[in-house]
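File shown: data19.cif (mmCIF, C-alpha atoms).
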```
data_my_file
#
loop_
_atom_site.label_atom_id
_atom_site.label_comp_id
_atom_site.auth_asym_id
_atom_site.auth_seq_id
_atom_site.Cartn_x
_atom_site.Cartn_y
_atom_site.Cartn_z
CA MET A 25 -18.78 16.80 -8.38
CA LYS A 26 -15.35 18.42 -8.20
CA HIS A 27 -16.06 20.11 -4.86
CA ALA A 28 -17.44 16.86 -3.44
CA ASN A 29 -14.30 15.01 -4.45
CA LEU A 30 -12.08 17.73 -2.98
CA ASN A 31 -14.00 17.69 0.30
CA GLU A 32 -13.71 13.90 0.50
CA LEU A 33 -9.97 14.16 -0.20
CA TYR A 34 -9.26 16.51 2.70
CA PHE A 35 -11.62 14.60 5.00
CA THR A 36 -9.78 11.37 4.20
CA VAL A 37 -6.42 13.05 4.84
CA ALA A 38 -7.63 14.09 8.30
CA LYS A 39 -8.85 10.55 9.07
CA ASN A 40 -5.55 9.12 7.84
CA HIS A 41 -3.58 11.30 10.28
CA LEU A 42 -5.91 10.41 13.18
CA TYR A 43 -5.82 6.70 12.37
CA ALA A 44 -2.04 6.75 12.21
CA LYS A 45 -1.91 8.15 15.76
CA GLN A 46 -4.29 5.42 16.90
CA GLY A 47 -2.32 2.70 15.11
CA ARG A 48 -5.33 1.47 13.11
CA VAL A 49 -4.75 -1.14 10.46
CA GLU A 50 -7.02 0.91 8.18
CA THR A 51 -4.45 3.76 8.11
CA ASN A 52 -2.65 2.64 4.95
CA ASN A 53 -5.91 2.01 3.08
CA LEU A 54 -6.89 5.62 3.74
CA ALA A 55 -3.51 6.81 2.45
CA ASP A 56 -4.15 4.89 -0.77
CA LYS A 57 -7.63 6.38 -1.00
CA VAL A 58 -6.18 9.91 -0.79
CA CYS A 59 -3.97 9.09 -3.80
CA GLU A 60 -7.01 7.83 -5.71
CA LEU A 61 -9.00 10.97 -4.91
CA PHE A 62 -6.08 13.18 -5.95
CA ASP A 63 -5.88 11.36 -9.30
CA LYS A 64 -9.65 11.55 -9.69
CA ASP A 65 -9.43 15.34 -9.36
CA SER A 66 -7.30 15.53 -12.50
CA VAL A 67 -9.78 13.32 -14.36
CA ILE A 68 -12.66 15.59 -13.34
CA THR A 69 -10.62 18.65 -14.38
CA TYR A 70 -9.96 17.11 -17.80
CA TYR A 71 -13.67 16.35 -18.22
CA TYR A 72 -14.75 19.94 -17.47
CA ASN A 73 -12.05 21.46 -19.66
CA ASN A 74 -12.22 19.17 -22.70
CA ILE A 75 -15.37 17.04 -22.79
CA LEU A 76 -18.14 19.12 -21.23
CA ALA A 77 -19.97 21.01 -24.00
CA ASP A 78 -17.32 19.75 -26.49
CA GLY A 79 -14.60 21.82 -24.87
CA LYS A 80 -16.55 25.07 -24.92
CA TRP A 81 -15.34 25.80 -21.37
CA LYS A 82 -11.71 24.81 -21.88
CA HIS A 83 -9.39 26.15 -19.13
CA MET A 84 -12.44 26.75 -16.88
CA MET A 85 -10.92 24.48 -14.21
CA ASP A 86 -7.24 25.27 -14.73
CA GLN A 87 -6.69 27.14 -11.46
CA THR A 88 -4.77 25.08 -8.91
CA HIS A 89 -6.81 24.28 -5.81
CA ILE A 90 -4.98 21.58 -3.83
CA GLY A 91 -2.00 22.32 -1.64
CA TYR A 92 -2.67 25.89 -0.46
CA THR A 93 -0.59 27.00 2.52
CA SER A 94 -1.48 30.71 2.29
CA TRP A 95 -3.66 33.03 0.22
CA GLN A 96 -1.31 32.62 -2.76
CA GLN A 97 -2.16 29.66 -4.95
CA PRO A 98 0.58 27.05 -5.51
CA ASP A 99 2.08 26.70 -8.99
CA PHE A 100 0.52 23.27 -9.36
CA ASN A 101 -1.74 20.95 -7.36
CA ILE A 102 0.16 19.30 -4.52
CA MET A 103 -1.15 16.13 -2.91
CA PRO A 104 -1.44 16.53 0.88
CA ASP A 105 0.95 14.53 3.04
CA VAL A 106 -0.37 11.16 4.15
CA MET A 107 0.96 8.72 6.71
CA LYS A 108 1.65 4.99 6.45
CA ILE A 109 2.41 2.70 9.36
CA GLU A 110 3.62 -0.86 9.85
CA ASN A 111 1.09 -2.98 11.74
CA GLN A 112 1.80 -6.23 13.50
CA ILE A 113 0.33 -9.50 12.24
CA GLU A 114 -1.31 -10.41 15.56
CA PRO A 115 -4.66 -8.74 16.34
CA GLN A 116 -4.86 -5.96 18.92
CA MET A 117 -8.15 -4.37 19.93
CA GLY A 118 -8.45 -0.59 19.93
CA VAL A 119 -11.49 1.39 21.13
CA TYR A 120 -12.55 4.99 20.53
CA VAL A 121 -15.74 6.61 21.88
CA GLU A 122 -17.66 9.45 20.28
CA GLY A 123 -16.76 12.92 21.48
CA SER A 124 -13.44 11.92 23.04
CA GLY A 125 -9.86 12.78 22.14
CA GLU A 126 -8.60 9.58 23.78
CA TRP A 127 -8.64 5.92 22.83
CA PHE A 128 -7.76 2.50 24.21
CA PRO A 129 -5.07 1.22 24.67
CA ASP A 130 -3.35 4.64 24.58
CA SER A 131 -5.50 6.22 27.33
CA LYS A 132 -4.45 5.69 30.94
CA SER A 133 -8.00 6.17 32.29
CA ASP A 134 -11.47 4.83 31.54
CA LEU A 135 -13.15 6.19 28.43
CA THR A 136 -16.48 8.01 28.84
CA LEU A 137 -19.30 8.53 26.36
CA PRO A 138 -21.07 11.90 26.19
CA GLU A 139 -23.96 12.19 28.65
CA PHE A 140 -27.32 10.69 27.74
CA ASP A 141 -30.47 12.57 28.75
CA LYS A 142 -34.10 11.60 28.25
CA PHE A 143 -35.08 14.87 26.58
CA SER A 144 -32.54 14.67 23.77
CA GLU A 145 -32.67 10.84 23.60
CA GLN A 146 -29.21 10.63 22.06
CA GLU A 147 -27.50 7.69 20.40
CA TYR A 148 -23.70 7.58 20.66
CA TYR A 149 -21.16 5.26 19.08
CA ILE A 150 -18.25 3.17 20.27
CA GLU A 151 -15.73 2.44 17.53
CA ILE A 152 -13.85 -0.84 17.86
CA PHE A 153 -10.81 -1.12 15.62
CA ASN A 154 -7.91 -3.42 14.90
CA GLN A 155 -4.24 -2.52 15.31
CA GLY A 156 -3.18 -5.84 13.78
CA LYS A 157 -3.69 -7.63 10.49
CA THR A 158 -5.51 -10.70 11.88
CA PRO A 159 -9.22 -10.48 12.79
CA PHE A 160 -10.48 -10.81 16.36
CA ASN A 161 -13.87 -11.24 18.02
CA PHE A 162 -15.42 -8.79 20.49
CA SER A 163 -18.33 -8.73 22.94
CA LEU A 164 -20.06 -5.96 24.93
CA THR A 165 -21.66 -6.51 28.33
CA THR A 166 -23.29 -4.28 30.95
CA GLY A 167 -25.20 -4.82 34.17
CA ALA A 168 -27.97 -2.42 33.08
CA GLU A 169 -30.55 -4.11 30.89
CA TRP A 170 -31.93 -0.73 29.83
CA ILE A 171 -28.67 0.09 28.01
CA LYS A 172 -29.09 -1.01 24.40
CA PHE A 173 -26.44 -1.86 21.75
CA SER A 174 -26.85 -2.00 17.98
CA LYS A 175 -24.92 -5.28 18.32
CA SER A 176 -23.33 -6.95 21.33
CA LYS A 177 -20.75 -9.13 19.60
CA GLY A 178 -18.99 -9.56 16.30
CA THR A 179 -15.73 -9.88 14.40
CA ILE A 180 -13.35 -7.00 13.67
CA ASN A 181 -11.25 -7.10 10.53
CA THR A 182 -10.48 -3.38 10.38
CA GLU A 183 -13.13 -1.42 12.37
CA GLU A 184 -16.81 -1.24 13.26
CA ARG A 185 -19.12 1.17 15.07
CA VAL A 186 -21.49 -0.05 17.77
CA PHE A 187 -24.27 2.38 18.71
CA VAL A 188 -25.44 2.79 22.29
CA ASP A 189 -28.79 4.16 23.42
CA VAL A 190 -31.11 4.03 26.43
CA ASP A 191 -34.51 2.45 27.04
CA TRP A 192 -35.92 5.47 28.85
CA ASP A 193 -39.14 3.70 29.86
CA ASN A 194 -37.10 1.44 32.14
CA ALA A 195 -34.14 3.67 33.07
CA PRO A 196 -33.99 4.66 36.78
CA ALA A 197 -34.49 8.29 37.74
CA GLY A 198 -31.59 10.56 38.62
CA LYS A 199 -27.98 10.52 37.48
CA ASN A 200 -26.49 7.08 36.98
CA ILE A 201 -23.08 5.91 35.75
CA VAL A 202 -23.17 2.58 33.96
CA GLN A 203 -20.09 0.60 32.98
CA ILE A 204 -19.89 -1.07 29.59
CA LYS A 205 -17.19 -3.72 29.28
CA ILE A 206 -15.70 -4.63 25.91
CA ASN A 207 -13.73 -7.87 25.65
CA GLY A 208 -11.51 -8.81 22.72
CA SER A 209 -10.71 -12.42 21.87
CA GLU A 210 -7.01 -11.51 21.66
CA GLY A 211 -7.06 -11.03 25.44
CA SER A 212 -7.65 -7.31 26.04
CA SER A 213 -10.60 -5.59 27.69
CA VAL A 214 -11.67 -2.01 28.38
CA VAL A 215 -14.40 -0.33 30.45
CA ILE A 216 -16.52 2.48 28.96
CA ASN A 217 -18.51 4.76 31.27
CA ALA A 218 -22.01 5.81 30.23
CA ILE A 219 -23.52 8.73 32.19
CA ILE A 220 -27.32 8.68 32.20
CA ILE A 221 -29.27 11.83 33.16
CA ASN A 222 -32.91 10.99 33.83
CA PRO A 223 -34.47 13.84 35.87
CA SER A 224 -37.74 13.18 37.61
CA ASP A 225 -39.16 16.15 35.68
CA SER A 226 -41.33 15.02 32.82
CA LYS A 227 -41.56 16.75 29.48
CA ASN A 228 -44.70 18.44 30.81
CA ASP A 229 -42.49 20.25 33.34
CA ILE A 230 -39.82 21.30 30.84
CA ALA A 231 -40.08 24.11 28.31
CA GLY A 232 -37.64 25.78 25.94
CA PHE A 233 -34.18 24.78 24.75
CA VAL A 234 -32.93 22.04 27.07
CA GLU A 235 -29.36 21.86 28.38
CA SER A 236 -27.50 18.71 27.38
CA ASN A 237 -23.86 17.81 27.99
CA GLY A 238 -23.26 21.20 29.56
CA VAL A 239 -24.44 23.19 26.53
CA VAL A 240 -27.52 24.94 25.16
CA SER A 241 -27.28 25.75 21.44
CA ILE A 242 -29.85 27.97 19.69
CA GLU A 243 -30.31 29.05 16.10
CA ALA A 244 -31.10 32.75 16.45
CA VAL A 245 -34.21 32.69 14.24
CA ASN A 246 -35.88 30.11 16.50
CA TYR A 247 -36.81 32.62 19.19
CA SER A 248 -39.59 31.95 21.69
CA ARG A 249 -40.92 35.51 21.42
CA LYS A 250 -40.01 38.77 19.76
CA VAL A 251 -40.72 42.34 20.86
CA GLU A 252 -41.03 45.03 18.18
CA THR A 253 -42.07 48.66 18.01
CA ASN A 254 -43.87 50.74 15.41
CA GLU A 255 -40.48 51.83 14.08
CA ILE A 256 -38.30 48.73 14.49
CA THR A 257 -39.01 45.10 13.55
CA TRP A 258 -36.97 41.89 13.27
CA GLN A 259 -36.22 40.49 9.83
CA VAL A 260 -35.13 36.90 9.14
CA ILE A 261 -32.51 36.50 6.42
CA GLN A 262 -32.92 32.98 5.09
CA ASN A 263 -29.84 30.75 4.76
CA LEU A 264 -27.38 33.50 5.67
CA GLY A 265 -25.95 31.74 8.73
CA ARG A 266 -23.22 29.12 8.64
CA THR A 267 -25.58 26.52 10.09
CA PHE A 268 -29.03 28.00 9.37
CA SER A 269 -30.49 31.49 8.88
CA ALA A 270 -29.91 34.86 10.57
CA ILE A 271 -31.95 37.70 12.02
CA THR A 272 -31.43 41.48 12.21
CA PRO A 273 -33.37 44.59 13.31
CA VAL A 274 -34.69 46.81 10.53
CA PRO A 275 -34.62 49.44 9.18
CA VAL A 276 -30.83 49.76 9.16
CA THR A 277 -31.20 53.55 9.07
CA THR A 278 -32.53 53.76 12.60
CA GLY A 279 -30.24 55.18 15.26
CA ARG A 280 -28.78 53.69 18.41
CA ILE A 281 -31.29 53.07 21.20
CA THR A 282 -30.83 52.59 24.93
CA PRO A 283 -31.99 49.12 25.96
CA ASP A 284 -34.90 48.96 28.40
CA GLU A 285 -37.92 46.76 29.07
CA ASN A 286 -39.74 48.14 26.01
CA SER A 287 -36.88 48.08 23.50
CA PRO A 288 -36.88 45.59 20.59
CA ARG A 289 -35.62 42.18 21.69
CA LEU A 290 -35.63 38.46 21.06
CA GLU A 291 -36.45 36.10 23.92
CA TYR A 292 -35.34 32.47 24.18
CA ASP A 293 -36.85 30.11 26.76
CA ILE A 294 -34.30 27.62 28.09
CA HIS A 295 -34.17 24.91 30.75
CA LEU A 296 -30.94 24.50 32.71
CA PHE A 297 -29.84 21.61 34.90
CA SER A 298 -26.81 23.69 36.00
CA LYS A 299 -26.34 26.85 38.00
CA GLY A 300 -23.47 29.20 38.76
CA ASN A 301 -21.36 31.10 36.25
CA LEU A 302 -22.01 30.37 32.60
CA LYS A 303 -20.89 31.88 29.31
CA VAL A 304 -23.07 33.02 26.42
CA THR A 305 -21.46 33.32 22.98
CA ALA A 306 -23.37 35.21 20.28
CA TYR A 307 -22.33 34.53 16.69
CA PHE A 308 -22.71 37.45 14.27
CA SER A 309 -22.18 37.94 10.57
CA PRO A 310 -19.01 40.06 10.18
CA THR A 311 -20.01 43.72 9.92
CA LEU A 312 -17.84 46.78 9.43
CA ASN A 313 -17.79 49.25 12.30
CA PHE A 314 -19.80 52.12 10.82
CA SER A 315 -20.33 53.62 14.29
CA GLU A 316 -17.68 55.65 16.09
CA ASN A 317 -18.21 53.58 19.25
CA GLY A 318 -18.51 50.15 17.63
CA LEU A 319 -21.72 48.24 16.99
CA GLN A 320 -23.45 47.17 20.18
CA TYR A 321 -26.10 44.77 21.46
CA ALA A 322 -27.43 44.01 24.96
CA ILE A 323 -27.96 40.62 26.57
CA SER A 324 -29.36 39.35 29.88
CA PHE A 325 -31.10 36.50 31.67
CA ASP A 326 -34.53 36.94 33.22
CA ASN A 327 -34.69 40.24 35.14
CA GLU A 328 -30.97 40.97 35.42
CA SER A 329 -29.64 44.28 34.09
CA PRO A 330 -28.62 43.89 30.44
CA GLN A 331 -24.93 43.87 29.55
CA VAL A 332 -24.20 46.23 26.65
CA ILE A 333 -21.52 44.67 24.44
CA ASP A 334 -19.46 46.22 21.63
CA ILE A 335 -18.70 43.55 19.03
CA HIS A 336 -15.84 45.72 17.71
CA LYS A 337 -14.20 46.32 21.08
CA ASP A 338 -10.41 46.03 20.68
CA ASN A 339 -11.04 45.11 17.04
CA LYS A 340 -10.20 48.37 15.30
CA ILE A 341 -9.14 48.44 11.65
CA PRO A 342 -5.90 50.39 11.04
CA ASP A 343 -5.60 52.54 7.94
CA TRP A 344 -2.92 50.45 6.27
CA LYS A 345 -4.31 46.90 6.36
CA TYR A 346 -7.07 44.61 7.56
CA PRO A 347 -6.08 42.85 10.81
CA GLN A 348 -6.16 39.11 11.46
CA TRP A 349 -9.47 39.22 13.39
CA TRP A 350 -11.20 40.69 10.33
CA ASN A 351 -9.63 38.17 7.95
CA GLU A 352 -10.83 35.36 10.20
CA GLY A 353 -14.27 36.91 10.55
CA VAL A 354 -14.76 37.17 6.79
CA GLY A 355 -13.22 33.75 6.11
CA ASN A 356 -15.36 32.05 8.75
CA ASN A 357 -18.45 34.24 8.21
CA ILE A 358 -18.53 34.78 11.98
CA ILE A 359 -17.64 37.33 14.65
CA ALA A 360 -18.18 35.81 18.11
CA SER A 361 -18.79 37.75 21.30
CA THR A 362 -18.87 36.12 24.76
CA THR A 363 -20.45 37.33 28.02
CA THR A 364 -20.46 35.81 31.52
CA HIS A 365 -23.59 35.51 33.66
CA GLU A 366 -24.41 34.11 37.09
CA ILE A 367 -27.43 31.83 37.39
CA THR A 368 -28.49 31.16 40.97
CA ALA A 369 -31.01 28.37 40.30
CA ASP A 370 -31.51 25.64 37.75
CA GLY A 371 -34.78 25.20 35.86
CA ARG A 372 -36.55 27.57 33.49
CA HIS A 373 -34.94 30.83 32.39
CA THR A 374 -35.32 33.35 29.60
CA LEU A 375 -32.38 34.72 27.64
CA LYS A 376 -33.05 38.20 26.24
CA PHE A 377 -31.16 39.62 23.26
CA ARG A 378 -31.84 43.37 22.91
CA MET A 379 -31.15 45.66 20.00
CA VAL A 380 -28.86 48.63 20.59
CA ASP A 381 -27.47 49.32 17.09
CA PRO A 382 -28.85 48.41 13.68
CA GLY A 383 -26.60 46.48 11.34
CA ILE A 384 -25.98 43.61 13.77
CA VAL A 385 -26.89 40.27 12.17
CA LEU A 386 -27.30 37.45 14.71
CA GLN A 387 -26.80 33.87 13.55
CA LYS A 388 -26.52 31.66 16.62
CA ILE A 389 -26.33 31.64 20.43
CA VAL A 390 -24.43 29.06 22.49
CA ILE A 391 -24.71 28.84 26.28
CA ASP A 392 -21.78 27.04 27.92
CA THR A 393 -22.45 25.67 31.41
CA GLY A 394 -19.15 23.81 31.42
CA GLY A 395 -19.37 21.24 28.65
CA LEU A 396 -18.62 23.19 25.45
CA LYS A 397 -15.95 21.58 23.27
CA PRO A 398 -13.99 23.22 20.44
CA SER A 399 -15.58 22.91 17.01
CA TYR A 400 -15.76 24.91 13.81
CA LEU A 401 -19.54 25.25 13.52
CA GLY A 402 -20.41 25.01 17.20
CA PRO A 403 -22.75 22.38 18.70
CA PRO A 404 -25.96 21.43 16.87
CA GLU A 405 -29.17 23.04 18.07
CA SER A 406 -30.54 21.77 21.38
CA VAL A 407 -33.91 20.10 21.76
CA ASN A 408 -36.66 22.73 22.02
CA ILE A 409 -39.73 21.66 24.00
CA LYS A 410 -42.64 23.95 23.29
CA HIS A 411 -45.03 25.31 25.91
CA LYS A 412 -48.40 23.63 25.82
CA ASN A 413 -50.21 26.86 26.66
#
```
How would this structure read if it were set down as structure tokens?
Amino acid sequence: MKHANLNELYFTVAKNHLYAKQGRVETNNLADKVCELFDKDSVITYYYNNILADGKWKHMMDQTHIGYTSWQQPDFNIMPDVMKIENQIEPQMGVYVEGSGEWFPDSKSDLTLPEFDKFSEQEYYIEIFNQGKTPFNFSLTTGAEWIKFSKSKGTINTEERVFVDVDWDNAPAGKNIVQIKINGSEGSSVVINAIIINPSDSKNDIAGFVESNGVVSIEAVNYSRKVETNEITWQVIQNLGRTFSAITPVPVTTGRITPDENSPRLEYDIHLFSKGNLKVTAYFSPTLNFSENGLQYAISFDNESPQVIDIHKDNKIPDWKYPQWWNEGVGNNIIASTTTHEITADGRHTLKFRMVDPGIVLQKIVIDTGGLKPSYLGPPESVNIKHKN
């Protein structure tokens, strides 16, 4: 209960700061909500210290936990800064689309939704908000009947999300850009671009993790195949990863091996709609360098020669303190390593992750073909279409 309240507090602070930039009329309500959540924290603290089990656990929740700016705890809980703005009385339509850092009327160019593709069958939202204190009406129109809205008109007091999806049975093949026009009764209008990717390939022609929006994201334990030997196997460690589980070669007492076609590996089938240079980022649990040369793994696509990568390269620990990269690795439960590969043709490919050293614990793999955006946890796992045979 206390952690849930604290999480909601910081989430609301972040929304308050974003809404203030966008001039939303809801900004001040969020500032008031932060104050309520901050006060609620003290009530929860009092309950745990004095009422739960008749005060048996008194002082259990005394440690300050709000207002940290470094590793050292503050002397007392400090409410995070919130922002309040002065909105006009007259209504003014604002529009934000999912996955964008821009919004209308601030943006000088058309807004664009993330790409839709028939394999992932996504649903994205358009958020219509008010910058004034008086309600206004809105309507959405498009020339493509196969573009569907959760609602096409309504009234905005503060804000509302409208969800957009595609009727794939009637969508034309190929890549199409459809314009969605939003009109506000206060006189403004904005055009939203929707990019529709509908390859002629059917799901019978596609296998593996499918690229979408320039990314393929894979939870490491969801391999297509694994190769083991009599001495070395792959072990799944449930719930170890930040977003799912993890996998590692065992036993940890085995020595370093030179990667070849028979060495232990994990294979991941993927389907790309892109070609050219791409980047592969492997996410590992932070592991101390217990090898003189750093812990290594090997990675490759299809039949290319594997790249042998040292996850501790340039990340040496001096005798007198732990460096920032290690602090971040432990704090985030991740060490990330990125390689670059050249893919000469789109379509089916196999990514091969080979063991070199024991002690490497793989959590996630993200392939960036040009669409990866910054995020803390990385993109959610891509759609995985299984082989029929």
Handout entry: Residues near region 183-188 of chain A, cut-off 10 Å, all atoms listed in the file, skip fewer than 6 positions along chain, as number ranges by chain
Key = A: 48-50, 117-122, 137, 140, 146-155, 159, 164, 171-177, 204, 218
Please write the residues from the selection above to a file, keeping C-alpha atoms, as a PDB file, keeping the file's coordinate frame.
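So selection-v9.pdb came out as:
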```pdb
ATOM      1  CA  ARG A  48      -5.330   1.470  13.110  1.00  0.00           C
ATOM      2  CA  VAL A  49      -4.750  -1.140  10.460  1.00  0.00           C
ATOM      3  CA  GLU A  50      -7.020   0.910   8.180  1.00  0.00           C
ATOM      4  CA  MET A 117      -8.150  -4.370  19.930  1.00  0.00           C
ATOM      5  CA  GLY A 118      -8.450  -0.590  19.930  1.00  0.00           C
ATOM      6  CA  VAL A 119     -11.490   1.390  21.130  1.00  0.00           C
ATOM      7  CA  TYR A 120     -12.550   4.990  20.530  1.00  0.00           C
ATOM      8  CA  VAL A 121     -15.740   6.610  21.880  1.00  0.00           C
ATOM      9  CA  GLU A 122     -17.660   9.450  20.280  1.00  0.00           C
ATOM     10  CA  LEU A 137     -19.300   8.530  26.360  1.00  0.00           C
ATOM     11  CA  PHE A 140     -27.320  10.690  27.740  1.00  0.00           C
ATOM     12  CA  GLN A 146     -29.210  10.630  22.060  1.00  0.00           C
ATOM     13  CA  GLU A 147     -27.500   7.690  20.400  1.00  0.00           C
ATOM     14  CA  TYR A 148     -23.700   7.580  20.660  1.00  0.00           C
ATOM     15  CA  TYR A 149     -21.160   5.260  19.080  1.00  0.00           C
ATOM     16  CA  ILE A 150     -18.250   3.170  20.270  1.00  0.00           C
ATOM     17  CA  GLU A 151     -15.730   2.440  17.530  1.00  0.00           C
ATOM     18  CA  ILE A 152     -13.850  -0.840  17.860  1.00  0.00           C
ATOM     19  CA  PHE A 153     -10.810  -1.120  15.620  1.00  0.00           C
ATOM     20  CA  ASN A 154      -7.910  -3.420  14.900  1.00  0.00           C
ATOM     21  CA  GLN A 155      -4.240  -2.520  15.310  1.00  0.00           C
ATOM     22  CA  PRO A 159      -9.220 -10.480  12.790  1.00  0.00           C
ATOM     23  CA  LEU A 164     -20.060  -5.960  24.930  1.00  0.00           C
ATOM     24  CA  ILE A 171     -28.670   0.090  28.010  1.00  0.00           C
ATOM     25  CA  LYS A 172     -29.090  -1.010  24.400  1.00  0.00           C
ATOM     26  CA  PHE A 173     -26.440  -1.860  21.750  1.00  0.00           C
ATOM     27  CA  SER A 174     -26.850  -2.000  17.980  1.00  0.00           C
ATOM     28  CA  LYS A 175     -24.920  -5.280  18.320  1.00  0.00           C
ATOM     29  CA  SER A 176     -23.330  -6.950  21.330  1.00  0.00           C
ATOM     30  CA  LYS A 177     -20.750  -9.130  19.600  1.00  0.00           C
ATOM     31  CA  ILE A 204     -19.890  -1.070  29.590  1.00  0.00           C
ATOM     32  CA  ALA A 218     -22.010   5.810  30.230  1.00  0.00           C
TER      33      ALA A 218
END
```
Handout entry: Gap from CA of Ala360 (chain A) to CA of Thr305 (chain A) - Å, one decimal
Key = 6.4 Å
Fill in the blank from the handout: Using only C-alpha atoms, the residue out of A:Thr253, A:Thr368, A:Ser163, A:Thr179 with shortest distance to Ser213 (chain A) is A:Ser163
Exercise for the section: Run the PyMOL selection byres ((chain A and resi 42) around 12) against the file shown and list the residues it catches, as an MDAnalysis selection string. Expected result: chainID A and resid 35:41 43:52 54:55 106:109 120 125:127
Handout entry: Selection near His295 (chain A), 8 Å with all atoms listed in the file, sequence-local residues under 2 positions removed, as a PyMOL selection string
Key = chain A and resi 230-235+293+297+370-373
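Distance check against Asp86 (chain A) using all atoms listed in the file: of A:Asp65, A:Asn408, A:Ser248, A:Gly238, the minimum falls on A:Asp65.
Considering the residues A:Ser315, A:Gly123, A:Asn74, A:Asp134 and counting only C-alpha atoms, Lys397 (chain A) has its shortest atom-to-atom contact with A:Gly123.
The residues caught by the PyMOL selection byres ((chain A and resi 308) around 9) in this file are Gly265, Ala270, Ala306, Tyr307, Ser309, Pro310, Thr311, Ile335, Asn357, Ile358, Ile359, Ala360, Ser361, Ile384, Val385, Leu386, Gln387 and Lys388 of chain A.
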Take the residues from that selection and put them in a file with C-alpha atoms, as a PDB file, in the coordinates of the input.
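The resulting again_23.pdb:
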```
ATOM      1  CA  GLY A 265     -25.950  31.740   8.730  1.00  0.00           C
ATOM      2  CA  ALA A 270     -29.910  34.860  10.570  1.00  0.00           C
ATOM      3  CA  ALA A 306     -23.370  35.210  20.280  1.00  0.00           C
ATOM      4  CA  TYR A 307     -22.330  34.530  16.690  1.00  0.00           C
ATOM      5  CA  SER A 309     -22.180  37.940  10.570  1.00  0.00           C
ATOM      6  CA  PRO A 310     -19.010  40.060  10.180  1.00  0.00           C
ATOM      7  CA  THR A 311     -20.010  43.720   9.920  1.00  0.00           C
ATOM      8  CA  ILE A 335     -18.700  43.550  19.030  1.00  0.00           C
ATOM      9  CA  ASN A 357     -18.450  34.240   8.210  1.00  0.00           C
ATOM     10  CA  ILE A 358     -18.530  34.780  11.980  1.00  0.00           C
ATOM     11  CA  ILE A 359     -17.640  37.330  14.650  1.00  0.00           C
ATOM     12  CA  ALA A 360     -18.180  35.810  18.110  1.00  0.00           C
ATOM     13  CA  SER A 361     -18.790  37.750  21.300  1.00  0.00           C
ATOM     14  CA  ILE A 384     -25.980  43.610  13.770  1.00  0.00           C
ATOM     15  CA  VAL A 385     -26.890  40.270  12.170  1.00  0.00           C
ATOM     16  CA  LEU A 386     -27.300  37.450  14.710  1.00  0.00           C
ATOM     17  CA  GLN A 387     -26.800  33.870  13.550  1.00  0.00           C
ATOM     18  CA  LYS A 388     -26.520  31.660  16.620  1.00  0.00           C
TER      19      LYS A 388
END
```
